[in-house]
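Structure file protein.txt; described as compact mmCIF, C-alpha atoms.
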```
# COMPACT_ATOMS: atom_id res chain seq x y z
CA MET A 134 81.98 228.58 86.45
CA THR A 135 81.83 227.29 90.02
CA ASP A 136 80.72 223.87 88.76
CA LEU A 137 84.16 223.34 87.16
CA PRO A 138 87.14 221.86 89.07
CA PRO A 139 89.92 224.38 89.89
CA SER A 140 92.20 222.98 87.18
CA ALA A 141 89.48 223.36 84.54
CA ARG A 142 88.71 226.92 85.69
CA ALA A 143 92.40 227.83 85.44
CA TYR A 144 92.54 226.30 81.95
CA VAL A 145 89.48 228.27 80.79
CA LEU A 146 90.81 231.58 82.13
CA ALA A 147 94.30 231.01 80.70
CA PHE A 148 92.88 230.01 77.31
CA GLU A 149 90.68 233.11 77.15
CA ALA A 150 93.60 235.37 78.14
CA ILE A 151 95.80 233.87 75.40
CA THR A 152 93.01 234.31 72.87
CA VAL A 153 92.46 237.98 73.77
CA ALA A 154 96.20 238.71 73.61
CA THR A 155 96.56 236.93 70.26
CA ALA A 156 93.57 238.73 68.77
CA ALA A 157 94.85 242.12 69.97
CA TRP A 158 98.29 241.49 68.48
CA ALA A 159 96.80 240.39 65.15
CA MET A 160 94.51 243.43 64.91
CA LEU A 161 97.32 245.87 65.72
CA THR A 162 99.83 244.42 63.26
CA ASP A 163 97.68 243.50 60.25
CA ALA A 164 97.28 245.60 57.10
CA PRO A 165 94.54 248.30 56.88
CA PRO A 166 91.37 247.54 54.87
CA VAL A 167 90.72 248.46 51.25
CA THR A 168 87.38 249.10 49.57
CA LEU A 169 86.86 245.46 48.55
CA ASP A 170 87.36 244.38 52.17
CA TRP A 171 84.35 246.45 53.23
CA TYR A 172 82.17 244.73 50.61
CA ARG A 173 83.31 241.30 51.75
CA PHE A 174 82.86 242.18 55.41
CA ALA A 175 79.31 243.42 54.80
CA VAL A 176 78.25 240.40 52.77
CA LEU A 177 79.75 237.87 55.22
CA VAL A 178 78.00 239.53 58.17
CA ALA A 179 74.73 239.76 56.22
CA ALA A 180 74.95 236.14 55.06
CA GLY A 181 75.70 234.95 58.60
CA ALA A 182 72.75 236.91 59.97
CA ALA A 183 70.41 235.60 57.27
CA HIS A 184 71.55 232.05 57.90
CA ARG A 185 70.97 232.40 61.65
CA TRP A 186 67.50 233.86 61.07
CA LEU A 187 66.49 231.10 58.63
CA SER A 188 67.84 228.35 60.89
CA ARG A 189 66.73 229.70 64.26
CA ARG A 190 63.66 227.43 64.52
CA THR A 191 65.72 224.43 63.52
CA GLU A 192 68.32 225.23 66.19
CA GLU A 193 65.68 225.81 68.86
CA THR A 194 63.97 222.53 67.99
CA ARG A 195 67.26 220.66 68.14
CA ARG A 196 68.04 222.04 71.60
CA ASP A 197 64.47 221.47 72.85
CA GLN A 198 64.70 217.84 71.83
CA ALA A 199 68.26 217.52 73.18
CA ALA A 200 68.79 215.28 70.20
CA GLY A 201 71.80 213.04 70.31
CA GLY A 202 74.15 212.35 67.46
CA PRO A 203 76.15 214.71 65.36
CA HIS A 204 75.44 218.40 65.18
CA MET A 205 77.44 220.27 62.55
CA ASP A 206 78.41 223.81 63.52
CA THR A 207 77.94 225.69 60.25
CA SER A 208 79.24 229.02 61.61
CA VAL A 209 82.75 228.13 60.41
CA VAL A 210 81.50 228.63 56.85
CA TRP A 211 81.24 232.37 57.58
CA ILE A 212 84.22 232.62 59.95
CA LEU A 213 87.00 231.01 57.90
CA PRO A 214 86.50 233.14 54.74
CA GLY A 215 86.72 236.26 56.90
CA MET A 216 90.01 235.13 58.41
CA VAL A 217 91.44 234.26 55.01
CA LEU A 218 90.26 237.35 53.13
CA LEU A 219 89.83 240.25 55.57
CA PRO A 220 92.13 242.32 57.77
CA ALA A 221 92.32 240.92 61.29
CA TRP A 222 90.09 243.49 63.00
CA MET A 223 87.35 243.03 60.40
CA ALA A 224 87.54 239.25 60.67
CA VAL A 225 87.36 239.37 64.48
CA ALA A 226 84.45 241.82 64.37
CA ALA A 227 82.54 239.57 61.94
CA LEU A 228 83.11 236.55 64.19
CA ILE A 229 81.90 238.37 67.31
CA LEU A 230 78.80 239.67 65.53
CA LEU A 231 77.96 236.13 64.44
CA ARG A 232 78.42 234.71 67.95
CA VAL A 233 76.27 237.44 69.50
CA GLN A 234 73.43 236.53 67.14
CA LEU A 235 73.69 232.85 68.05
CA TYR A 236 73.70 233.31 71.83
CA PRO A 237 69.89 233.67 72.33
CA VAL A 238 69.29 230.14 70.99
CA ALA A 239 72.46 228.55 72.40
CA ARG A 240 70.93 228.02 75.89
CA ARG A 241 74.27 227.65 77.61
CA PRO A 242 75.69 229.47 80.64
CA LEU A 243 77.46 232.66 79.62
CA TYR A 244 80.89 231.45 80.77
CA ARG A 245 80.58 228.33 78.61
CA TYR A 246 79.51 230.38 75.61
CA THR A 247 82.36 232.82 76.17
CA PHE A 248 84.86 229.97 76.33
CA GLY A 249 83.37 228.42 73.19
CA THR A 250 83.75 231.76 71.42
CA ALA A 251 87.37 231.99 72.58
CA GLY A 252 88.06 228.51 71.21
CA ILE A 253 86.56 229.39 67.84
CA LEU A 254 88.39 232.73 67.74
CA LEU A 255 91.80 231.24 68.51
CA ALA A 256 91.18 228.51 65.92
CA ALA A 257 90.25 231.15 63.36
CA LEU A 258 93.37 233.18 64.16
CA ALA A 259 95.45 230.03 63.68
CA SER A 260 93.99 229.65 60.18
CA MET A 261 94.80 233.30 59.51
CA ALA A 262 98.39 232.77 60.69
CA VAL A 263 98.85 229.88 58.26
CA MET A 264 97.80 232.07 55.32
CA ARG A 265 99.80 235.11 56.44
CA LEU A 266 102.99 233.15 57.09
CA ALA A 267 102.69 231.32 53.77
CA GLY A 268 102.11 234.60 51.91
CA VAL A 269 99.19 233.08 50.02
CA SER A 270 96.51 235.31 48.49
CA VAL A 271 93.37 233.62 47.22
CA ASP A 272 92.44 236.76 45.26
CA ASN A 273 94.60 235.51 42.41
CA ALA A 274 94.56 232.18 40.64
CA ILE A 275 96.13 229.72 43.06
CA GLY A 276 98.36 226.78 42.32
CA VAL A 277 98.60 223.39 43.97
CA GLY A 278 100.95 224.68 46.69
CA ASP A 279 98.67 227.61 47.51
CA GLY A 280 95.69 225.27 47.63
CA LEU A 281 97.52 223.06 50.11
CA PHE A 282 98.18 226.07 52.36
CA LEU A 283 94.49 226.99 52.22
CA ALA A 284 93.62 223.42 53.17
CA GLY A 285 96.21 223.73 55.95
CA ALA A 286 94.39 226.79 57.25
CA GLY A 287 91.24 224.70 57.49
CA VAL A 288 93.11 221.92 59.30
CA ALA A 289 94.59 224.46 61.74
CA TYR A 290 91.10 225.74 62.54
CA PHE A 291 89.80 222.21 63.12
CA LEU A 292 92.68 221.11 65.36
CA VAL A 293 92.89 224.22 67.56
CA ASN A 294 89.13 224.25 68.15
CA ALA A 295 89.19 220.53 68.96
CA PHE A 296 92.12 221.06 71.37
CA ALA A 297 90.25 223.83 73.19
CA ILE A 298 87.22 221.62 73.83
CA ALA A 299 89.27 218.50 74.63
CA GLY A 300 91.28 220.33 77.29
CA VAL A 301 88.34 221.48 79.34
CA ILE A 302 86.59 218.08 79.10
CA ALA A 303 89.72 216.23 80.20
CA LEU A 304 90.20 218.54 83.19
CA SER A 305 86.52 218.51 84.18
CA SER A 306 86.16 214.77 84.69
CA ALA A 307 88.54 212.22 86.15
CA HIS A 308 86.76 209.48 84.21
CA ALA A 309 86.30 211.17 80.83
CA THR A 310 86.54 208.67 77.98
CA TRP A 311 88.76 209.19 74.96
CA GLU A 312 85.64 209.55 72.81
CA ALA A 313 84.30 212.25 75.13
CA ILE A 314 87.62 214.13 74.98
CA ALA A 315 88.44 213.77 71.29
CA GLY A 316 84.86 213.52 70.00
CA SER A 317 83.25 210.61 68.23
CA ARG A 318 84.11 209.69 64.67
CA ARG A 319 80.71 211.02 63.59
CA ASP A 320 81.22 214.37 65.34
CA ASN A 321 84.70 214.82 63.85
CA LEU A 322 83.50 213.87 60.39
CA GLY A 323 80.74 216.50 60.61
CA GLY A 324 83.26 219.13 61.71
CA ALA A 325 85.62 218.21 58.89
CA VAL A 326 82.81 218.51 56.33
CA MET A 327 82.00 222.02 57.58
CA VAL A 328 85.66 223.07 57.37
CA CYS A 329 85.79 221.81 53.78
CA LEU A 330 82.70 223.86 52.94
CA ALA A 331 84.33 226.87 54.61
CA VAL A 332 87.42 226.50 52.37
CA ILE A 333 85.16 226.36 49.31
CA ALA A 334 83.28 229.43 50.60
CA ALA A 335 86.58 231.32 50.97
CA LEU A 336 87.56 230.55 47.38
CA ALA A 337 84.11 231.52 46.09
CA THR A 338 84.08 234.79 48.07
CA ALA A 339 87.57 235.68 46.81
CA HIS A 340 86.41 235.62 43.21
CA ALA A 341 82.79 236.74 43.64
CA TRP A 342 82.17 238.77 46.78
CA LEU A 343 78.41 238.14 46.64
CA ALA A 344 78.94 234.36 46.72
CA PRO A 345 78.14 233.98 50.47
CA LEU A 346 74.52 234.99 49.83
CA ILE A 347 74.14 232.01 47.50
CA LEU A 348 75.35 229.69 50.25
CA VAL A 349 72.71 230.83 52.76
CA PRO A 350 69.78 228.65 51.54
CA LEU A 351 72.14 225.70 51.06
CA LEU A 352 73.33 225.85 54.67
CA ALA A 353 69.81 226.43 56.03
CA ALA A 354 68.70 223.28 54.18
CA LEU A 355 71.73 221.42 55.54
CA ASP A 356 70.80 222.44 59.12
CA TRP A 357 67.26 221.21 58.59
CA GLY A 358 68.44 217.93 57.07
CA ALA A 359 70.86 217.31 59.95
CA LEU A 360 68.00 217.82 62.43
CA GLN A 361 65.86 215.26 60.57
CA ILE A 362 68.71 212.74 60.75
CA GLU A 363 69.21 213.39 64.47
CA THR A 364 65.47 213.09 65.13
CA ALA A 365 65.10 209.89 63.10
CA ARG A 366 68.11 208.36 64.83
CA GLY A 367 66.74 209.37 68.23
CA ASP A 368 63.32 207.90 67.40
CA ALA A 369 64.93 204.59 66.44
CA ARG A 370 66.71 204.41 69.81
CA THR A 371 64.01 205.79 72.12
CA ASP A 372 61.02 204.20 73.82
CA HIS A 373 58.10 206.48 73.00
CA LYS A 374 56.09 205.85 76.18
CA THR A 375 58.86 206.66 78.66
CA GLN A 376 61.38 208.62 76.52
CA LEU A 377 64.09 206.30 77.83
CA LEU A 378 66.46 204.33 75.62
CA ASN A 379 64.88 201.29 74.02
CA SER A 380 66.66 197.95 73.82
CA LEU A 381 68.57 198.90 70.66
CA GLY A 382 69.71 202.28 71.99
CA TRP A 383 70.60 200.90 75.41
CA HIS A 384 72.69 198.07 74.00
CA GLU A 385 74.57 200.47 71.69
CA GLU A 386 75.59 202.78 74.51
CA ALA A 387 76.10 200.00 77.05
CA GLY A 388 78.48 198.25 74.68
CA ARG A 389 80.69 201.34 74.60
CA GLU A 390 80.68 201.59 78.40
CA VAL A 391 81.64 197.93 78.74
CA ASP A 392 84.52 198.42 76.29
CA ARG A 393 85.73 201.34 78.40
CA ALA A 394 85.46 199.32 81.61
CA ARG A 395 87.54 196.56 80.01
CA ARG A 396 90.26 198.99 78.91
CA LEU A 397 90.46 200.71 82.29
CA SER A 398 89.79 197.56 84.37
CA GLY A 399 87.09 199.58 86.12
CA PRO A 400 83.94 198.35 87.91
CA LEU A 401 80.56 198.28 86.24
CA ALA A 402 77.09 197.13 87.34
CA VAL A 403 73.83 196.22 85.64
CA ALA A 404 70.41 196.36 87.32
CA VAL A 405 67.26 194.77 85.89
CA ILE A 406 64.02 196.27 87.26
CA ASP A 407 60.58 194.70 87.09
CA LEU A 408 57.33 196.36 88.23
CA ASP A 409 55.53 193.90 90.49
CA HIS A 410 52.07 192.76 89.36
CA PHE A 411 51.97 195.40 86.63
CA LYS A 412 49.40 193.37 84.67
CA GLN A 413 46.91 194.18 87.42
CA VAL A 414 47.15 197.88 86.56
CA ASN A 415 46.12 197.22 82.96
CA ASP A 416 43.43 194.73 83.96
CA THR A 417 41.95 196.99 86.65
CA TRP A 418 42.13 200.47 85.12
CA GLY A 419 42.99 199.88 81.45
CA HIS A 420 46.04 200.31 79.25
CA PRO A 421 46.01 204.16 79.27
CA ALA A 422 46.40 203.99 83.06
CA GLY A 423 49.23 201.49 82.62
CA ASP A 424 50.94 203.85 80.17
CA ALA A 425 50.66 206.68 82.71
CA VAL A 426 52.39 204.50 85.32
CA LEU A 427 55.15 203.60 82.86
CA ARG A 428 55.74 207.28 82.07
CA ALA A 429 55.89 208.08 85.79
CA VAL A 430 58.35 205.25 86.39
CA GLY A 431 60.50 206.57 83.53
CA ALA A 432 60.58 209.97 85.25
CA VAL A 433 61.58 208.37 88.56
CA LEU A 434 64.41 206.48 86.88
CA ARG A 435 65.75 209.68 85.32
CA GLU A 436 65.55 211.52 88.66
CA THR A 437 67.04 208.83 90.89
CA THR A 438 69.93 207.71 88.70
CA ARG A 439 73.16 209.61 88.22
CA HIS A 440 74.60 211.53 85.32
CA GLY A 441 76.28 208.95 83.10
CA ASP A 442 74.04 206.03 84.10
CA LEU A 443 72.27 204.40 81.15
CA VAL A 444 68.53 203.91 81.65
CA GLY A 445 66.46 201.85 79.25
CA ARG A 446 63.13 200.08 78.88
CA PHE A 447 63.23 196.60 77.39
CA GLY A 448 59.49 196.35 76.93
CA GLY A 449 56.45 195.62 79.08
CA GLU A 450 57.24 196.43 82.71
CA GLU A 451 60.97 195.66 82.53
CA PHE A 452 63.62 198.37 82.79
CA VAL A 453 67.40 198.12 82.88
CA LEU A 454 70.25 200.26 84.20
CA LEU A 455 73.93 200.24 83.38
CA LEU A 456 75.98 201.93 86.12
CA PRO A 457 79.54 202.82 85.03
CA ASP A 458 82.36 202.96 87.61
CA THR A 459 80.04 201.29 90.13
CA ASP A 460 80.56 198.23 92.33
CA ALA A 461 77.81 196.08 93.84
CA ALA A 462 77.49 198.15 97.03
CA ALA A 463 77.12 201.44 95.15
CA ALA A 464 74.66 199.79 92.75
CA MET A 465 72.57 198.74 95.75
CA SER A 466 72.33 202.39 96.83
CA VAL A 467 71.13 203.45 93.37
CA ALA A 468 68.64 200.58 93.22
CA GLU A 469 67.25 201.44 96.65
CA ARG A 470 66.63 205.04 95.54
CA VAL A 471 64.79 203.68 92.51
CA ARG A 472 62.73 201.25 94.61
CA ARG A 473 61.69 203.95 97.07
CA GLY A 474 60.98 206.47 94.32
CA ILE A 475 58.57 204.07 92.61
CA ALA A 476 56.95 203.12 95.93
CA ASP A 477 56.24 206.82 96.61
CA LEU A 478 54.51 207.37 93.27
CA HIS A 479 50.92 208.59 93.12
CA VAL A 480 50.05 208.62 89.43
CA PRO A 481 46.96 210.52 88.21
CA ALA A 482 45.18 208.55 85.48
CA THR A 483 41.72 207.54 84.26
CA ASP A 484 40.00 204.19 84.54
CA LYS A 485 38.31 202.19 81.77
CA ARG A 486 35.27 204.50 81.89
CA GLY A 487 37.30 207.70 81.80
CA ARG A 488 36.89 208.51 85.49
CA PRO A 489 39.90 210.02 87.31
CA VAL A 490 41.89 207.69 89.53
CA THR A 491 45.18 207.90 91.41
CA ILE A 492 47.43 204.84 91.24
CA GLY A 493 49.93 204.31 94.04
CA GLY A 494 51.46 201.64 96.23
CA ARG A 495 53.41 200.06 93.38
CA THR A 496 56.34 197.85 94.31
CA THR A 497 59.44 196.86 92.38
CA SER A 498 61.83 193.91 92.28
CA ILE A 499 65.43 194.57 91.22
CA GLY A 500 68.29 192.24 90.35
CA ILE A 501 71.91 193.47 90.26
CA ALA A 502 75.12 192.05 88.80
CA ALA A 503 78.52 193.70 89.00
CA GLY A 504 81.83 193.02 87.31
CA SER A 505 85.20 194.55 86.56
CA GLY A 506 88.33 194.02 84.52
CA PRO A 507 89.03 192.75 81.00
CA ALA A 508 86.64 189.81 81.42
CA THR A 509 83.56 192.03 81.82
CA ASP A 510 80.80 190.76 79.51
CA LEU A 511 77.50 192.60 79.03
CA ASP A 512 75.41 189.53 78.17
CA ALA A 513 76.77 187.66 81.19
CA LEU A 514 75.96 190.59 83.48
CA LEU A 515 72.42 190.80 82.09
CA ARG A 516 71.88 187.07 82.63
CA ALA A 517 73.20 187.27 86.18
CA ALA A 518 71.09 190.34 87.00
CA ASP A 519 68.02 188.64 85.53
CA ALA A 520 68.66 185.59 87.70
CA ALA A 521 68.97 187.85 90.75
CA LEU A 522 65.69 189.52 89.79
CA TYR A 523 64.00 186.10 89.60
CA GLU A 524 65.33 185.34 93.07
CA ALA A 525 63.91 188.63 94.40
CA LYS A 526 60.48 187.80 92.97
CA GLN A 527 60.58 184.28 94.41
CA GLN A 528 61.36 185.69 97.85
CA GLY A 529 58.28 187.89 97.90
CA ARG A 530 58.97 190.83 95.56
CA ASP A 531 59.55 194.47 96.57
CA ARG A 532 63.24 193.80 97.22
CA ILE A 533 66.73 193.96 95.73
CA ARG A 534 69.04 190.98 95.21
CA VAL A 535 72.67 190.94 94.03
CA ALA A 536 73.90 188.09 91.87
CA GLY A 537 76.46 185.67 93.36
```

Represent the structure from my file as structure tokens, please.
Amino acid sequence: MTDLPPSARAYVLAFEAITVATAAWAMLTDAPPVTLDWYRFAVLVAAGAAHRWLSRRTEETRRDQAAGGPHMDTSVVWILPGMVLLPAWMAVAALILLRVQLYPVARRPLYRYTFGTAGILLAALASMAVMRLAGVSVDNAIGVGDGLFLAGAGVAYFLVNAFAIAGVIALSSAHATWEAIAGSRRDNLGGAVMVCLAVIAALATAHAWLAPLILVPLLAALDWGALQIETARGDARTDHKTQLLNSLGWHEEAGREVDRARRLSGPLAVAVIDLDHFKQVNDTWGHPAGDAVLRAVGAVLRETTRHGDLVGRFGGEEFVLLLPDTDAAAAMSVAERVRRGIADLHVPATDKRGRPVTIGGRTTSIGIAAGSGPATDLDALLRAADAALYEAKQQGRDRIRVAG
């Protein structure tokens, strides 16, 4: 937790303390279980375990690929029915058992996973409070009013969980965007869909306690389908040789950063990078050797840029950076790290006859343009940076120039 600012650490600890106290109070004051509760508890735990087992490869693949885009957390489908139907201690126990099963594939620091569990638990207890205070029982036929309260329980879950995550993001970064804090429209839509499925699962479980087992293959298929969508979307936005953003992906994300810079009147810089005499690599050693150099340059760009910088390849030997919250002087520092990193490369490859070679001594020309305020325009910055790059190449290459 040492990587969090003091205010964020205090928020996390306070949130977890409130969650523990709320859960303890709910478990001590709720009604004791009856026989049907034990059946429902067993089937919800079993269904959650089966779902996790069937989807474990999908989850591992998703995290290995670090795929972007929406990821729908389907665990709410097992958590919300427990909160609506079971005594508090049973519902909390089912939630903890589910989270323990998920931890091996979560690949997050323990403190982050613990906080995530606290956020989900407090959200689930909020949904339970809505049902208990309204006096609604889904065991009987429910009317329109009761259905609205059940929907309200789902909304309470969604909002409290979103608040938990938004708070720690807002306190962890002084420059967090509204989308980062509140989540993108796509992320929120995915979460809302899962809450709706959880409400349906609660109704089904109330009237047929074996119903959760029928939902297991459906949710496993949904996890797999979501991964395919994420992968396809990532493929459409990624350059396969370097694993950087391609032109389409870079422009999408850069457009959002420019909009943010306009709203906040903050600085922003663009750098266009060109590998000097790259055609000689292909002509001398062949295209496989050229591809090896491009991959190595992509790795250098990832290592020498900062978290939040957008790195893309526009094709051929041209790369581009967007540097948020960065003026021209700071952009020069980033560009110099990139230039030196590429100059220090020694890339193992093979020549046209398959013999091993090591390619080094590559130089780079970089053009930079910076702007700030409501008038910031991405196309204008790209044109200015490209003109600065042309100036650098005219002056002998292996150098950095800043536009105007």

Box centre and edge lengths (Å, one decimal), axis-aligned, stretch 457-467 of chain A plus 3 Å each side, as AutoDock Vina command-line options:
```
--center_x 76.7 --center_y 199.8 --center_z 91.0 --size_x 17.2 --size_y 13.4 --size_z 18.0
```

- Query: Which one is closest to A:Ala476: A:Gly358, A:Ala143, A:Ala256, A:Val433? Count only C-alpha atoms.
  - Reply: A:Val433

- Task: Identify, on the basis of all atoms listed in the file, every residue whose closest approach to stretch 328-332 of chain A does not exceed 7 Å; exclude the query and any residue fewer than 5 positions from it along the same chain; express the result as a ChimeraX atom specification.
- Result: /A:209-211,213-214,284,287

- Task: Would you list the contacts of A:Ala141 as a PyMOL selection string, taking every protein, DNA or RNA residue within 6 Å and counting only C-alpha atoms, but skipping same-chain residues closer than 3 positions in sequence?
- Result: chain A and resi 137-138+144+301+304-305

- Item | Contacts of A:Tyr236 at 12 Å (only C-alpha atoms; same-chain gap of 6+ positions) as a list in words |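 Contacts, in chain order: Arg185, Arg189, Glu192, Glu193, Ile229, Leu230, Pro242, Leu243, Tyr244, Arg245, Tyr246, Thr247, Gly249 and Thr250 of chain A.
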
Name all residues at most 8 Å from A:Ala402 (count all atoms listed in the file; drop same-chain ones fewer than 5 positions away) and give them as a CSV table (one decimal) with C-alpha atoms, keeping the file's coordinate frame.
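Written output follows (selection_6.csv):
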```
chain,number,residue,atom,x,y,z
A,455,LEU,CA,73.9,200.2,83.4
A,456,LEU,CA,76.0,201.9,86.1
A,457,PRO,CA,79.5,202.8,85.0
A,458,ASP,CA,82.4,203.0,87.6
A,459,THR,CA,80.0,201.3,90.1
A,460,ASP,CA,80.6,198.2,92.3
A,461,ALA,CA,77.8,196.1,93.8
A,464,ALA,CA,74.7,199.8,92.8
A,501,ILE,CA,71.9,193.5,90.3
A,502,ALA,CA,75.1,192.0,88.8
A,503,ALA,CA,78.5,193.7,89.0
A,504,GLY,CA,81.8,193.0,87.3
A,514,LEU,CA,76.0,190.6,83.5
```

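Of the listed residues (A:Asp279, A:Val153, A:Ala183, A:Thr338), A:Val153 comes nearest to A:Val225; the distances count only C-alpha atoms.
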
- Task: Grab the atom CA of A:Gly399 to atom CA of A:Ser505 distance for me, in Å with one decimal place.
- Result: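 We find that atom CA of A:Gly399 and atom CA of A:Ser505 lie 5.4 Å from each other.
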
- Quick one: of A:His373, A:Arg232, A:Arg142, A:Arg396, who's nearest to A:Ile212, counting only C-alpha atoms? A:Arg232

Residue neighbourhood A:Pro165, 10 Å, all atoms listed in the file, exclusion window fewer than 4 positions, as a PDB file with C-alpha atoms, in the coordinates of the input:
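See out-v8.pdb below for the written result:
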```pdb
ATOM      1  CA  MET A 160      94.510 243.430  64.910  1.00  0.00           C
ATOM      2  CA  LEU A 161      97.320 245.870  65.720  1.00  0.00           C
ATOM      3  CA  ASP A 170      87.360 244.380  52.170  1.00  0.00           C
ATOM      4  CA  LEU A 219      89.830 240.250  55.570  1.00  0.00           C
ATOM      5  CA  PRO A 220      92.130 242.320  57.770  1.00  0.00           C
ATOM      6  CA  ALA A 221      92.320 240.920  61.290  1.00  0.00           C
ATOM      7  CA  TRP A 222      90.090 243.490  63.000  1.00  0.00           C
ATOM      8  CA  MET A 223      87.350 243.030  60.400  1.00  0.00           C
TER       9      MET A 223
END
```

- Item | Computed interatomic separation between atom CA of A:Leu292 and atom CA of A:Val263 (Å) |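 Value for the atom CA of A:Leu292-atom CA of A:Val263 distance: 12.9 Å.
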
- Task: Work out how far atom CA of A:Asn379 is from atom CA of A:Ala508, in Å to one decimal.
- Result: 25.7 Å

- Message: Using all atoms listed in the file for the distances, tell me which of A:Glu524, A:Asp477, A:Glu386, A:Asp372 is nearest to A:Gly449.
- Response: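 When distances to A:Gly449 are compared using all atoms listed in the file, the smallest one comes from A:Asp372.
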
- Message: Using only C-alpha atoms for the distances, tell me which of A:Val145, A:Leu454, A:Val167, A:Leu352 is nearest to A:Ala297.
- Response: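 Answer, going by the shortest atom-to-atom distance: A:Val145.
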
- Message: Using only C-alpha atoms for the distances, tell me which of A:Phe452, A:Phe447, A:Trp158, A:Trp342 is nearest to A:Ala180.
- Response: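 Residue with the minimum atom-to-atom distance to A:Ala180: A:Trp342.
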
- Message: If we draw a sphere of 12 Å around (87.6, 233.2, 44.7), which residues have at least one atom in it when counting only C-alpha atoms? Please report them as a PyMOL selection string.
- Response: chain A and resi 173+214+217-218+270-275+280+283+332-345
